[in-house]
Each structure stands twice: as structure tokens, then as C-alpha cells.
Amino acid sequence: MNLFAVPTICESARRNFTEPALNTTETHVACPGCGCLCDDVSLTFDDQHIVAFEPRCALGESWFRNHVVATQPVAELNGIATAYEAAIQQATKLLRRADYPLVYGLSRSSSPGQRAAVALADRMGAAIDTTASMCHGPSIMALQEVGEVTCTLGEVRNRADLVIFWGCHPAASHPRHADRYSVFAKGRFTPEGRDSRKVVMIGEAGKVEDWQLSPHGGAADLVIPVSPDGDFEIISQLRALLRGTPLTDVSEPVRHLMELMKNCRYGVVFFGLGLAGSRMWDDERPLNTGHIHVAALLQLVAELNAVTRFTARRMRLQGDVSGADNVLLWQTGYPFAVDISRGYPRYNPGEFSANELLERRETDLCVIVGAETIPYFSKAARDYLKSIPTIVIDYPNAPLEFIPNVRFTTAVYGLHAAGTAYRMDNVPLPLRALQTSNYPTDEDVLTDLLTGFRND
Ligand code: SF4
């Protein structure tokens, strides 16, 4: 293996970073704190610290503050700091010994890192999966089945006069969504902002009644509490009402919602994991029925287009989860849960998704690019993960519940390194390097692993 071909950390830093002046303000920064990817943020740095984040968003500010001070070593072997080249060498050895490796994560990375992860998985004949399998995977399966009438957030801002949040609480998960795109924003055909729109919240009974539209308040015009796994029934009622089927036991709020839907000029429904993550229980084991609920909702939205314009959008969570879908699609033809062990890509959620591969003990090494969703794996999957070789590539200060064999700490895209991220509506936006850093990027580490794997 030619280790001299591996770029040094200093070279990586020079390639990706621009030298900032001290006490500077960076404007039009894109924030990867959630799927809104707001690109109007101003960040003021005092030396290496953030002293101001505008406009106010506690989630976005904490995302930048969590990553801005980084003291972790670039590379560790079994928890002990080591030279980068030695860590690459050891990781390469592990990769070559593995029969069926798994590459998992990618959502807190960026397009260059995601592309490099797919290249490594392809070369190794690995399975590759993203965090979508732990969140909106059922939504992806639903839209593959029935299609999706969709839109950009700019279209929502300019046109939507009926906005429905179904199974999501935007004030908590996407704090500026209502202000910037969907509720209070003034657009070309929504000149009065909030007064130009009707807003509906549908969610879990006992919780949705207290939800607000944004962190600074705002109540919906109509709130529909849903009993656990009652979403499908309400969607079915709405589809029947739309067709004119006489129903006797439909609640007044559901009838009201149907009238709002039929009479709006442009409607949009944003749905979250409260719908896509719906679970029924089969004995002790959760049976995820989210894809059935989402498919029914997408069919309702398609049918509404016979009487007005109606669209649907997933509320994607933090980082570049939409980018991970997109990059896997470009590279393999499938968005998540892909197996390349036969030399060509195969797709089967449940069979090739990370949690299930680990539960069934089918993989013998895991490369984790961003470990933030590992705590949501089942206990069996987490226990098995701790028993096999692991190579973790993660941001500074990222918590980890076990010590991996090899750990690389990498530059944060959008703070230390330039890249591309996809907003929740699949619009790609550039991420800028705002600070200097000695960390390599995900792309650097994964490319060095690929080079080592090829040359070893
Ligand atoms: S809403 Fe999301 S993307 Fe926008 S500033 Fe807040 S955390 Fe960042």
C-alpha cells in the first residue's frame, strides 16, 4: 500500500478551507441544523467562538455551537489517539478481512462524502444504507408505490393558502419553517402571510392540542387529534368524502377539513414521522405500517388534484438526509438499503437495511459515517454492532456509546469544509467553509480508505 499517496491532514485542510479574519460576520450561511437548510443565516465569530446567530433559531445555533470548538484527535485506535496514516492502515486491514461489510449513515455528511462512501461500498461489495431506514424509509417506499405530487418550499411560500401539518410539530423540529416558508411568510399570491392562509394541525391526541406553529407561537385554525394509528381511517374518510360517498360517522373536524381541501386554491400537506413512523404491535414486535399510511395520504393528495392544486412534502430531519437519498439514487439507482455484494445493486428495505442486517448478524464489519442514529437501533442490533469491527467517521464532539476499533474525526461540512446539501424539498444548496480546521473531510477519509483497500 502506498501511504505516501494519502493526502496529509494539512493538505486536506488547505484544499477545503479559506482563512477567515478574526471577529468576522459571515452572511448568507446555509444552516444544516434541520431539513429547512435556511441559507439566510448570519454568523459572527469572535476568534473561534460564535457570538451571534441571526435570525434567532435555538436549534440552528446549537448545531453550530456544538461543532465549533473541536479538540478531539483526528484519528484514534481503540480509543487512543494515533497518527492519521496509521489509522488508515489499520482500517484498511480490517476492511480487507471483512466478508460482508456494511456502510451506514451518510445523512450528516455532504454530497462529496456520500459519493465517496458509495464508491467504497461498491469496491468492497458491501451493503450500504442511510439513516432514512430509521426515519422516512416508509415514506420513500410509499412514494415508489403510488407516486408523489410535490413542490418546492418556494412554491409553498408564494402560493399555498391551505397548509396542513400531519404528524409533525414544526416549532420543535423545524423552528423557522413557518416563518420562512409555510405559514407567516408573505409570497406573491399570499401577500398577507398568515392571513392569506388556513393552517391545520393533525397529530397524536393529547399532544397536538398544545403544539404551536413556531417557537414564538401561533395556533392552527383547525386541530384534529388522532388516536394511535387512527391516521389511515381519517385519510380513508377524506378520500370517500372527496368522491361524494355518503358517510354517517365522520367527525365534524374531518368534514371541515374536507371543505378546506376542496375549496383552497393551492394546498400542501407536510407530513412527519408521526405518520410515516406509525407502528402497530404484533406480539412483542413493532410492525411498521407507516408506508401504508403515507401511501394513502399521497393517493388522497393526487385525487385532490382533480378539484384543485394540492401537493405533499416530507418533513426531513437534520443534516443532509435528502442528499444521502439523492446520491445513493445517482450512484446505485436506489435511495437506501442497497446491497452491492453480487457486483450490482439490489434494493430491499428490511433485508438490506442496517438495523436488520445487524439484528440478523449478517454483516461482519461496519463503517459508520455519522453515528447519531445508532441509539435508535434495536438492542439486538446495537449489541451485535459492539461485537464486530467498527470504523467510525464522525464530527467533533459527536457522542458515541461504544469505542470503535478505528475512529476518524472529520471536518464539519458547512462550517469547516465546503460541500453540497439538499433541502427537504430536494433543492441542492452550497455549504461554505467558514473556519479553518486541521480535520480531513469525510470525502478525504473515505477516499483514503478506498485507495488503501485497492492498493493493499
Ligand atoms: S430552521 Fe433549521 S435550517 Fe433553519 S436556522 Fe433553524 S435549524 Fe437551521
# chains A, B, ... in the order shown; residues from 1 in each chain; ligands from 1

call {"tool": "residues_near_ligand", "arguments": {"ligand": "ligand 1", "cutoff": "10 Å", "atoms": "only C-alpha atoms and all ligand atoms", "output": "JSON list (two decimals) with N, CA, C and O atoms, in the first residue's frame"}}
result
[["chain", "number", "residue", "atom", "x", "y", "z"],
["A", 29, "VAL", "N", -25.25, 32.27, 5.20],
["A", 29, "VAL", "CA", -24.73, 30.95, 5.53],
["A", 29, "VAL", "C", -25.89, 29.95, 5.48],
["A", 29, "VAL", "O", -26.99, 30.25, 5.95],
["A", 30, "ALA", "N", -25.65, 28.79, 4.91],
["A", 30, "ALA", "CA", -26.67, 27.73, 4.93],
["A", 30, "ALA", "C", -26.51, 26.93, 6.22],
["A", 30, "ALA", "O", -25.41, 26.54, 6.58],
["A", 31, "CYS", "N", -27.63, 26.70, 6.91],
["A", 31, "CYS", "CA", -27.60, 26.02, 8.21],
["A", 31, "CYS", "C", -28.07, 24.57, 8.03],
["A", 31, "CYS", "O", -29.21, 24.34, 7.66],
["A", 32, "PRO", "N", -27.22, 23.58, 8.32],
["A", 32, "PRO", "CA", -27.66, 22.19, 8.22],
["A", 32, "PRO", "C", -28.34, 21.66, 9.48],
["A", 32, "PRO", "O", -28.46, 20.46, 9.66],
["A", 33, "GLY", "N", -28.81, 22.57, 10.34],
["A", 33, "GLY", "CA", -29.41, 22.14, 11.61],
["A", 33, "GLY", "C", -30.69, 21.34, 11.44],
["A", 33, "GLY", "O", -31.05, 20.53, 12.30],
["A", 34, "CYS", "N", -31.43, 21.56, 10.34],
["A", 34, "CYS", "CA", -32.61, 20.74, 10.04],
["A", 34, "CYS", "C", -32.84, 20.78, 8.54],
["A", 34, "CYS", "O", -32.12, 21.47, 7.81],
["A", 35, "GLY", "N", -33.85, 20.06, 8.07],
["A", 35, "GLY", "CA", -34.09, 19.94, 6.64],
["A", 35, "GLY", "C", -34.51, 21.23, 5.96],
["A", 35, "GLY", "O", -34.60, 21.27, 4.74],
["A", 36, "CYS", "N", -34.77, 22.31, 6.73],
["A", 36, "CYS", "CA", -35.11, 23.60, 6.11],
["A", 36, "CYS", "C", -33.90, 24.19, 5.39],
["A", 36, "CYS", "O", -34.06, 24.96, 4.45],
["A", 37, "LEU", "N", -32.71, 23.84, 5.87],
["A", 37, "LEU", "CA", -31.45, 24.32, 5.29],
["A", 37, "LEU", "C", -31.51, 25.83, 4.99],
["A", 37, "LEU", "O", -31.19, 26.27, 3.87],
["A", 38, "CYS", "N", -31.93, 26.62, 5.97],
["A", 38, "CYS", "CA", -32.06, 28.07, 5.77],
["A", 38, "CYS", "C", -30.73, 28.64, 5.31],
["A", 38, "CYS", "O", -29.70, 28.40, 5.94],
["A", 39, "ASP", "N", -30.74, 29.39, 4.21],
["A", 39, "ASP", "CA", -29.48, 29.92, 3.69],
["A", 39, "ASP", "C", -29.40, 31.44, 3.87],
["A", 39, "ASP", "O", -28.76, 32.13, 3.09],
["A", 40, "ASP", "N", -30.06, 31.94, 4.91],
["A", 40, "ASP", "CA", -30.05, 33.38, 5.19],
["A", 40, "ASP", "C", -29.46, 33.68, 6.56],
["A", 40, "ASP", "O", -29.72, 34.71, 7.15],
["A", 41, "VAL", "N", -28.67, 32.75, 7.09],
["A", 41, "VAL", "CA", -28.16, 32.89, 8.45],
["A", 41, "VAL", "C", -26.92, 33.77, 8.46],
["A", 41, "VAL", "O", -26.09, 33.71, 7.55],
["A", 42, "SER", "N", -26.81, 34.63, 9.50],
["A", 42, "SER", "CA", -25.59, 35.40, 9.72],
["A", 42, "SER", "C", -24.92, 34.87, 10.98],
["A", 42, "SER", "O", -25.56, 34.75, 12.03],
["A", 53, "PHE", "N", -25.90, 34.59, 16.28],
["A", 53, "PHE", "CA", -26.55, 33.76, 15.25],
["A", 53, "PHE", "C", -27.87, 34.45, 14.93],
["A", 53, "PHE", "O", -28.73, 34.60, 15.79],
["A", 54, "GLU", "N", -28.03, 34.89, 13.72],
["A", 54, "GLU", "CA", -29.25, 35.59, 13.29],
["A", 54, "GLU", "C", -29.78, 34.97, 12.00],
["A", 54, "GLU", "O", -28.97, 34.58, 11.15],
["A", 55, "PRO", "N", -31.11, 34.94, 11.81],
["A", 55, "PRO", "CA", -32.20, 35.22, 12.74],
["A", 55, "PRO", "C", -32.24, 34.15, 13.84],
["A", 55, "PRO", "O", -31.65, 33.09, 13.69],
["A", 56, "ARG", "N", -32.98, 34.43, 14.89],
["A", 56, "ARG", "CA", -32.98, 33.53, 16.04],
["A", 56, "ARG", "C", -33.49, 32.13, 15.68],
["A", 56, "ARG", "O", -34.54, 31.99, 15.06],
["A", 57, "CYS", "N", -32.74, 31.14, 16.08],
["A", 57, "CYS", "CA", -33.19, 29.74, 15.96],
["A", 57, "CYS", "C", -32.33, 28.92, 16.92],
["A", 57, "CYS", "O", -31.12, 28.74, 16.68],
["A", 58, "ALA", "N", -32.93, 28.47, 17.98],
["A", 58, "ALA", "CA", -32.16, 27.76, 19.01],
["A", 58, "ALA", "C", -31.54, 26.49, 18.45],
["A", 58, "ALA", "O", -30.40, 26.14, 18.77],
["A", 59, "LEU", "N", -32.28, 25.80, 17.56],
["A", 59, "LEU", "CA", -31.78, 24.54, 17.01],
["A", 59, "LEU", "C", -30.54, 24.77, 16.14],
["A", 59, "LEU", "O", -29.52, 24.09, 16.26],
["A", 60, "GLY", "N", -30.65, 25.77, 15.26],
["A", 60, "GLY", "CA", -29.53, 26.06, 14.37],
["A", 60, "GLY", "C", -28.32, 26.57, 15.14],
["A", 60, "GLY", "O", -27.18, 26.15, 14.90],
["A", 61, "GLU", "N", -28.56, 27.44, 16.10],
["A", 61, "GLU", "CA", -27.44, 27.99, 16.88],
["A", 61, "GLU", "C", -26.72, 26.87, 17.64],
["A", 61, "GLU", "O", -25.50, 26.82, 17.67],
["A", 62, "SER", "N", -27.50, 25.96, 18.24],
["A", 62, "SER", "CA", -26.85, 24.89, 19.00],
["A", 62, "SER", "C", -26.08, 23.95, 18.06],
["A", 62, "SER", "O", -25.03, 23.43, 18.42],
["A", 63, "TRP", "N", -26.58, 23.77, 16.83],
["A", 63, "TRP", "CA", -25.86, 22.92, 15.86],
["A", 63, "TRP", "C", -24.46, 23.50, 15.61],
["A", 63, "TRP", "O", -23.47, 22.79, 15.67],
["A", 64, "PHE", "N", -24.39, 24.79, 15.34],
["A", 64, "PHE", "CA", -23.08, 25.40, 15.07],
["A", 64, "PHE", "C", -22.22, 25.42, 16.33],
["A", 64, "PHE", "O", -21.04, 25.13, 16.28],
["A", 170, "PRO", "N", -43.71, 21.39, 13.73],
["A", 170, "PRO", "CA", -42.64, 22.18, 13.12],
["A", 170, "PRO", "C", -41.94, 23.12, 14.09],
["A", 170, "PRO", "O", -40.74, 23.37, 13.94],
["A", 171, "ALA", "N", -42.64, 23.63, 15.10],
["A", 171, "ALA", "CA", -41.99, 24.57, 16.03],
["A", 171, "ALA", "C", -40.82, 23.90, 16.73],
["A", 171, "ALA", "O", -39.83, 24.56, 17.07],
["A", 172, "ALA", "N", -40.90, 22.58, 16.96],
["A", 172, "ALA", "CA", -39.83, 21.87, 17.65],
["A", 172, "ALA", "C", -38.78, 21.33, 16.69],
["A", 172, "ALA", "O", -37.59, 21.43, 16.93],
["A", 173, "SER", "N", -39.25, 20.74, 15.57],
["A", 173, "SER", "CA", -38.30, 20.04, 14.69],
["A", 173, "SER", "C", -37.72, 20.93, 13.60],
["A", 173, "SER", "O", -36.59, 20.71, 13.15],
["A", 174, "HIS", "N", -38.48, 21.93, 13.16],
["A", 174, "HIS", "CA", -38.05, 22.81, 12.06],
["A", 174, "HIS", "C", -38.46, 24.24, 12.46],
["A", 174, "HIS", "O", -39.45, 24.78, 11.92],
["A", 175, "PRO", "N", -37.72, 24.85, 13.38],
["A", 175, "PRO", "CA", -38.22, 26.07, 14.04],
["A", 175, "PRO", "C", -38.56, 27.24, 13.11],
["A", 175, "PRO", "O", -39.46, 28.02, 13.42],
["A", 176, "ARG", "N", -37.89, 27.37, 11.97],
["A", 176, "ARG", "CA", -38.16, 28.53, 11.11],
["A", 176, "ARG", "C", -39.01, 28.17, 9.89],
["A", 176, "ARG", "O", -39.22, 29.01, 9.01],
["A", 177, "HIS", "N", -39.49, 26.96, 9.85],
["A", 177, "HIS", "CA", -40.30, 26.51, 8.69],
["A", 177, "HIS", "C", -41.50, 27.43, 8.49],
["A", 177, "HIS", "O", -41.77, 27.91, 7.38],
["A", 178, "ALA", "N", -42.23, 27.69, 9.57],
["A", 178, "ALA", "CA", -43.46, 28.50, 9.46],
["A", 178, "ALA", "C", -43.13, 29.94, 9.05],
["A", 178, "ALA", "O", -43.83, 30.53, 8.23],
["A", 179, "ASP", "N", -42.05, 30.49, 9.62],
["A", 179, "ASP", "CA", -41.70, 31.88, 9.32],
["A", 179, "ASP", "C", -41.18, 32.05, 7.91],
["A", 179, "ASP", "O", -41.48, 33.02, 7.23],
["A", 180, "ARG", "N", -40.39, 31.11, 7.49],
["A", 180, "ARG", "CA", -39.64, 31.30, 6.24],
["A", 180, "ARG", "C", -40.40, 30.78, 5.01],
["A", 180, "ARG", "O", -40.25, 31.32, 3.92],
["A", 214, "SER", "N", -44.79, 27.97, 15.49],
["A", 214, "SER", "CA", -43.37, 28.32, 15.51],
["A", 214, "SER", "C", -42.98, 28.57, 16.96],
["A", 214, "SER", "O", -43.85, 28.68, 17.83],
["A", 317, "LEU", "N", -35.51, 15.49, 8.54],
["A", 317, "LEU", "CA", -34.89, 15.98, 9.78],
["A", 317, "LEU", "C", -33.52, 16.58, 9.48],
["A", 317, "LEU", "O", -33.29, 17.14, 8.44],
["A", 318, "GLN", "N", -32.62, 16.44, 10.44],
["A", 318, "GLN", "CA", -31.40, 17.23, 10.41],
["A", 318, "GLN", "C", -30.44, 16.83, 9.29],
["A", 318, "GLN", "O", -30.50, 15.72, 8.77],
["A", 319, "GLY", "N", -29.53, 17.76, 9.01],
["A", 319, "GLY", "CA", -28.42, 17.45, 8.11],
["A", 319, "GLY", "C", -28.84, 17.26, 6.67],
["A", 319, "GLY", "O", -29.82, 17.84, 6.21],
["A", 423, "ARG", "N", -31.94, 20.48, 0.55],
["A", 423, "ARG", "CA", -33.04, 20.90, 1.42],
["A", 423, "ARG", "C", -34.11, 19.83, 1.39],
["A", 423, "ARG", "O", -34.10, 18.95, 0.55],
["A", 424, "MET", "N", -35.06, 19.90, 2.32],
["A", 424, "MET", "CA", -36.10, 18.86, 2.41],
["A", 424, "MET", "C", -36.92, 18.74, 1.12],
["A", 424, "MET", "O", -37.56, 17.71, 0.90]]

call {"tool": "select_by_dssp", "arguments": {"residues": "range 86-203 of chain A", "states": "strand (DSSP E)", "output": "JSON list (two decimals) with N, CA and C atoms, in the first residue's frame"}}
result
[["chain", "number", "residue", "atom", "x", "y", "z"],
["A", 101, "PRO", "N", -19.09, -6.39, 4.53],
["A", 101, "PRO", "CA", -19.14, -5.15, 5.31],
["A", 101, "PRO", "C", -20.42, -4.36, 5.05],
["A", 102, "LEU", "N", -20.71, -3.48, 5.97],
["A", 102, "LEU", "CA", -21.87, -2.59, 5.88],
["A", 102, "LEU", "C", -21.37, -1.15, 6.02],
["A", 103, "VAL", "N", -21.83, -0.27, 5.13],
["A", 103, "VAL", "CA", -21.54, 1.17, 5.25],
["A", 103, "VAL", "C", -22.86, 1.83, 5.62],
["A", 104, "TYR", "N", -22.86, 2.58, 6.71],
["A", 104, "TYR", "CA", -24.14, 3.12, 7.22],
["A", 104, "TYR", "C", -24.01, 4.58, 7.63],
["A", 105, "GLY", "N", -25.08, 5.33, 7.48],
["A", 105, "GLY", "CA", -25.16, 6.70, 7.99],
["A", 105, "GLY", "C", -25.38, 7.68, 6.85],
["A", 127, "ALA", "N", -22.94, -3.84, 1.73],
["A", 127, "ALA", "CA", -24.28, -3.25, 1.81],
["A", 127, "ALA", "C", -24.09, -1.80, 2.21],
["A", 128, "ILE", "N", -24.97, -0.93, 1.71],
["A", 128, "ILE", "CA", -24.90, 0.48, 2.11],
["A", 128, "ILE", "C", -26.30, 0.97, 2.41],
["A", 129, "ASP", "N", -26.43, 1.65, 3.53],
["A", 129, "ASP", "CA", -27.75, 2.10, 3.99],
["A", 129, "ASP", "C", -27.60, 3.49, 4.61],
["A", 130, "THR", "N", -28.66, 4.28, 4.53],
["A", 130, "THR", "CA", -28.62, 5.61, 5.13],
["A", 130, "THR", "C", -29.58, 5.66, 6.33],
["A", 162, "LEU", "N", -53.63, 26.86, 1.87],
["A", 162, "LEU", "CA", -54.01, 25.86, 2.88],
["A", 162, "LEU", "C", -52.76, 25.03, 3.19],
["A", 163, "VAL", "N", -52.34, 25.06, 4.47],
["A", 163, "VAL", "CA", -51.14, 24.34, 4.88],
["A", 163, "VAL", "C", -51.53, 23.37, 5.99],
["A", 164, "ILE", "N", -51.23, 22.10, 5.76],
["A", 164, "ILE", "CA", -51.57, 21.06, 6.75],
["A", 164, "ILE", "C", -50.28, 20.43, 7.26],
["A", 165, "PHE", "N", -50.14, 20.37, 8.57],
["A", 165, "PHE", "CA", -49.03, 19.64, 9.18],
["A", 165, "PHE", "C", -49.60, 18.35, 9.75],
["A", 166, "TRP", "N", -49.13, 17.23, 9.24],
["A", 166, "TRP", "CA", -49.70, 15.93, 9.65],
["A", 166, "TRP", "C", -48.58, 15.10, 10.31],
["A", 198, "LYS", "N", -55.08, 29.27, 5.60],
["A", 198, "LYS", "CA", -55.65, 28.44, 6.66],
["A", 198, "LYS", "C", -54.60, 27.41, 7.02],
["A", 199, "VAL", "N", -54.47, 27.14, 8.31],
["A", 199, "VAL", "CA", -53.46, 26.17, 8.75],
["A", 199, "VAL", "C", -54.14, 25.10, 9.61],
["A", 200, "VAL", "N", -53.80, 23.85, 9.33],
["A", 200, "VAL", "CA", -54.39, 22.70, 10.04],
["A", 200, "VAL", "C", -53.27, 21.88, 10.65],
["A", 201, "MET", "N", -53.49, 21.43, 11.89],
["A", 201, "MET", "CA", -52.52, 20.53, 12.55],
["A", 201, "MET", "C", -53.24, 19.21, 12.84],
["A", 202, "ILE", "N", -52.64, 18.11, 12.42],
["A", 202, "ILE", "CA", -53.20, 16.79, 12.71],
["A", 202, "ILE", "C", -52.11, 15.98, 13.40],
["A", 203, "GLY", "N", -52.40, 15.45, 14.56],
["A", 203, "GLY", "CA", -51.34, 14.72, 15.28],
["A", 203, "GLY", "C", -51.91, 13.93, 16.43]]

call {"tool": "atom_distance", "arguments": {"atom1": "CA of Leu449 in chain A", "atom2": "CA of Ala324 in chain A"}}
result
19.6 Å

call {"tool": "residues_around", "arguments": {"residues": "Pro428 in chain A", "least_positions_apart": "2", "cutoff": "10 Å", "atoms": "only C-alpha atoms", "output": "JSON, numbers by chain"}}
result
{"A": [37, 111, 320, 322, 323, 326, 420, 421, 422, 423, 424, 425, 426, 430, 431]}

call {"tool": "write_last_selection", "arguments": {"atoms": "N, CA and C atoms", "output": "CSV table (one decimal), in the first residue's frame"}}
result
chain,number,residue,atom,x,y,z
A,37,LEU,N,-32.7,23.8,5.9
A,37,LEU,CA,-31.5,24.3,5.3
A,37,LEU,C,-31.5,25.8,5.0
A,111,SER,N,-22.7,15.9,-0.2
A,111,SER,CA,-22.6,15.1,-1.4
A,111,SER,C,-21.2,14.5,-1.7
A,320,ASP,N,-28.1,16.4,6.0
A,320,ASP,CA,-28.3,16.2,4.6
A,320,ASP,C,-28.9,14.9,4.3
A,322,SER,N,-31.8,14.3,2.8
A,322,SER,CA,-32.3,14.2,1.4
A,322,SER,C,-31.1,14.0,0.5
A,323,GLY,N,-30.0,14.6,0.8
A,323,GLY,CA,-28.8,14.5,-0.1
A,323,GLY,C,-28.3,13.0,-0.1
A,326,ASN,N,-30.4,11.2,-2.5
A,326,ASN,CA,-30.2,11.6,-3.9
A,326,ASN,C,-28.9,11.0,-4.4
A,420,THR,N,-22.1,20.3,-0.6
A,420,THR,CA,-23.5,20.5,-1.1
A,420,THR,C,-24.4,19.7,-0.2
A,421,ALA,N,-25.5,20.4,0.2
A,421,ALA,CA,-26.6,19.7,0.9
A,421,ALA,C,-27.9,19.9,0.2
A,422,TYR,N,-28.8,18.9,0.5
A,422,TYR,CA,-30.1,19.0,-0.2
A,422,TYR,C,-31.2,19.4,0.9
A,423,ARG,N,-31.9,20.5,0.5
A,423,ARG,CA,-33.0,20.9,1.4
A,423,ARG,C,-34.1,19.8,1.4
A,424,MET,N,-35.1,19.9,2.3
A,424,MET,CA,-36.1,18.9,2.4
A,424,MET,C,-36.9,18.7,1.1
A,425,ASP,N,-36.9,19.8,0.3
A,425,ASP,CA,-37.6,19.7,-1.0
A,425,ASP,C,-36.7,19.3,-2.1
A,426,ASN,N,-35.6,18.7,-1.8
A,426,ASN,CA,-34.6,18.2,-2.8
A,426,ASN,C,-33.9,19.3,-3.6
A,430,PRO,N,-25.3,25.1,-1.8
A,430,PRO,CA,-23.9,25.0,-1.4
A,430,PRO,C,-23.6,25.3,0.0
A,431,LEU,N,-22.7,24.5,0.6
A,431,LEU,CA,-22.3,24.7,2.0
A,431,LEU,C,-20.9,25.3,1.9

call {"tool": "residues_around", "arguments": {"residues": "Leu365 in chain A", "least_positions_apart": "3", "cutoff": "8 Å", "atoms": "only C-alpha atoms", "output": "PyMOL selection string"}}
result
chain A and resi 94-95+98+100-102+388-390

call {"tool": "atom_distance", "arguments": {"atom1": "CA of Ser341 in chain A", "atom2": "CA of Ala126 in chain A"}}
result
5.3 Å

call {"tool": "residues_around", "arguments": {"residues": "range 257-272 of chain A", "least_positions_apart": "6", "cutoff": "7 Å", "atoms": "only C-alpha atoms", "output": "PyMOL selection string"}}
result
chain A and resi 159-168+238+307-315

call {"tool": "write_last_selection", "arguments": {"atoms": "N, CA, C and O atoms", "output": "tab-separated table (two decimals), in the first residue's frame"}}
result
chain	number	residue	atom	x	y	z
A	159	ARG	N	-47.57	30.43	-2.95
A	159	ARG	CA	-48.89	30.04	-3.46
A	159	ARG	C	-49.83	29.40	-2.44
A	159	ARG	O	-51.05	29.52	-2.60
A	160	ALA	N	-49.30	28.74	-1.41
A	160	ALA	CA	-50.18	27.89	-0.59
A	160	ALA	C	-51.12	28.72	0.29
A	160	ALA	O	-50.67	29.54	1.08
A	161	ASP	N	-52.42	28.48	0.13
A	161	ASP	CA	-53.40	29.12	1.01
A	161	ASP	C	-54.04	28.12	1.96
A	161	ASP	O	-54.91	28.47	2.75
A	162	LEU	N	-53.63	26.86	1.87
A	162	LEU	CA	-54.01	25.86	2.88
A	162	LEU	C	-52.76	25.03	3.19
A	162	LEU	O	-52.17	24.42	2.30
A	163	VAL	N	-52.34	25.06	4.47
A	163	VAL	CA	-51.14	24.34	4.88
A	163	VAL	C	-51.53	23.37	5.99
A	163	VAL	O	-52.11	23.78	7.00
A	164	ILE	N	-51.23	22.10	5.76
A	164	ILE	CA	-51.57	21.06	6.75
A	164	ILE	C	-50.28	20.43	7.26
A	164	ILE	O	-49.42	20.04	6.47
A	165	PHE	N	-50.14	20.37	8.57
A	165	PHE	CA	-49.03	19.64	9.18
A	165	PHE	C	-49.60	18.35	9.75
A	165	PHE	O	-50.47	18.40	10.62
A	166	TRP	N	-49.13	17.23	9.24
A	166	TRP	CA	-49.70	15.93	9.65
A	166	TRP	C	-48.58	15.10	10.31
A	166	TRP	O	-47.60	14.73	9.66
A	167	GLY	N	-48.75	14.82	11.59
A	167	GLY	CA	-47.76	14.00	12.30
A	167	GLY	C	-46.41	14.67	12.45
A	167	GLY	O	-45.38	13.99	12.46
A	168	CYS	N	-46.42	15.99	12.57
A	168	CYS	CA	-45.15	16.71	12.79
A	168	CYS	C	-45.42	17.98	13.58
A	168	CYS	O	-46.51	18.54	13.52
A	238	LEU	N	-61.55	10.88	4.32
A	238	LEU	CA	-61.39	12.04	3.44
A	238	LEU	C	-61.49	11.63	1.98
A	238	LEU	O	-62.12	12.33	1.17
A	307	VAL	N	-59.75	18.52	-8.26
A	307	VAL	CA	-60.59	19.68	-7.95
A	307	VAL	C	-59.79	20.95	-7.66
A	307	VAL	O	-60.32	22.05	-7.73
A	308	THR	N	-58.51	20.80	-7.30
A	308	THR	CA	-57.69	21.99	-7.05
A	308	THR	C	-56.23	21.58	-7.20
A	308	THR	O	-55.93	20.49	-7.67
A	309	ARG	N	-55.30	22.46	-6.83
A	309	ARG	CA	-53.87	22.08	-6.87
A	309	ARG	C	-53.47	21.68	-5.46
A	309	ARG	O	-53.70	22.44	-4.50
A	310	PHE	N	-52.89	20.51	-5.31
A	310	PHE	CA	-52.53	20.01	-3.98
A	310	PHE	C	-51.21	19.26	-4.06
A	310	PHE	O	-50.96	18.54	-5.03
A	311	THR	N	-50.35	19.45	-3.06
A	311	THR	CA	-49.03	18.81	-3.07
A	311	THR	C	-48.72	18.24	-1.67
A	311	THR	O	-49.42	18.54	-0.70
A	312	ALA	N	-47.67	17.43	-1.62
A	312	ALA	CA	-47.26	16.84	-0.34
A	312	ALA	C	-45.74	16.92	-0.21
A	312	ALA	O	-45.03	16.87	-1.22
A	313	ARG	N	-45.28	17.02	1.03
A	313	ARG	CA	-43.85	17.10	1.29
A	313	ARG	C	-43.50	16.40	2.59
A	313	ARG	O	-44.20	16.57	3.59
A	314	ARG	N	-42.41	15.65	2.58
A	314	ARG	CA	-41.92	15.07	3.84
A	314	ARG	C	-41.19	16.14	4.64
A	314	ARG	O	-40.49	16.96	4.07
A	315	MET	N	-41.33	16.11	5.94
A	315	MET	CA	-40.54	16.98	6.82
A	315	MET	C	-39.26	16.20	7.16
A	315	MET	O	-39.26	15.38	8.09

call {"tool": "select_by_dssp", "arguments": {"residues": "range 16-144 of chain A", "states": "alpha helix (DSSP H)", "output": "ChimeraX atom specification"}}
result
/A:16,58-68,84-97,111-124,137-144
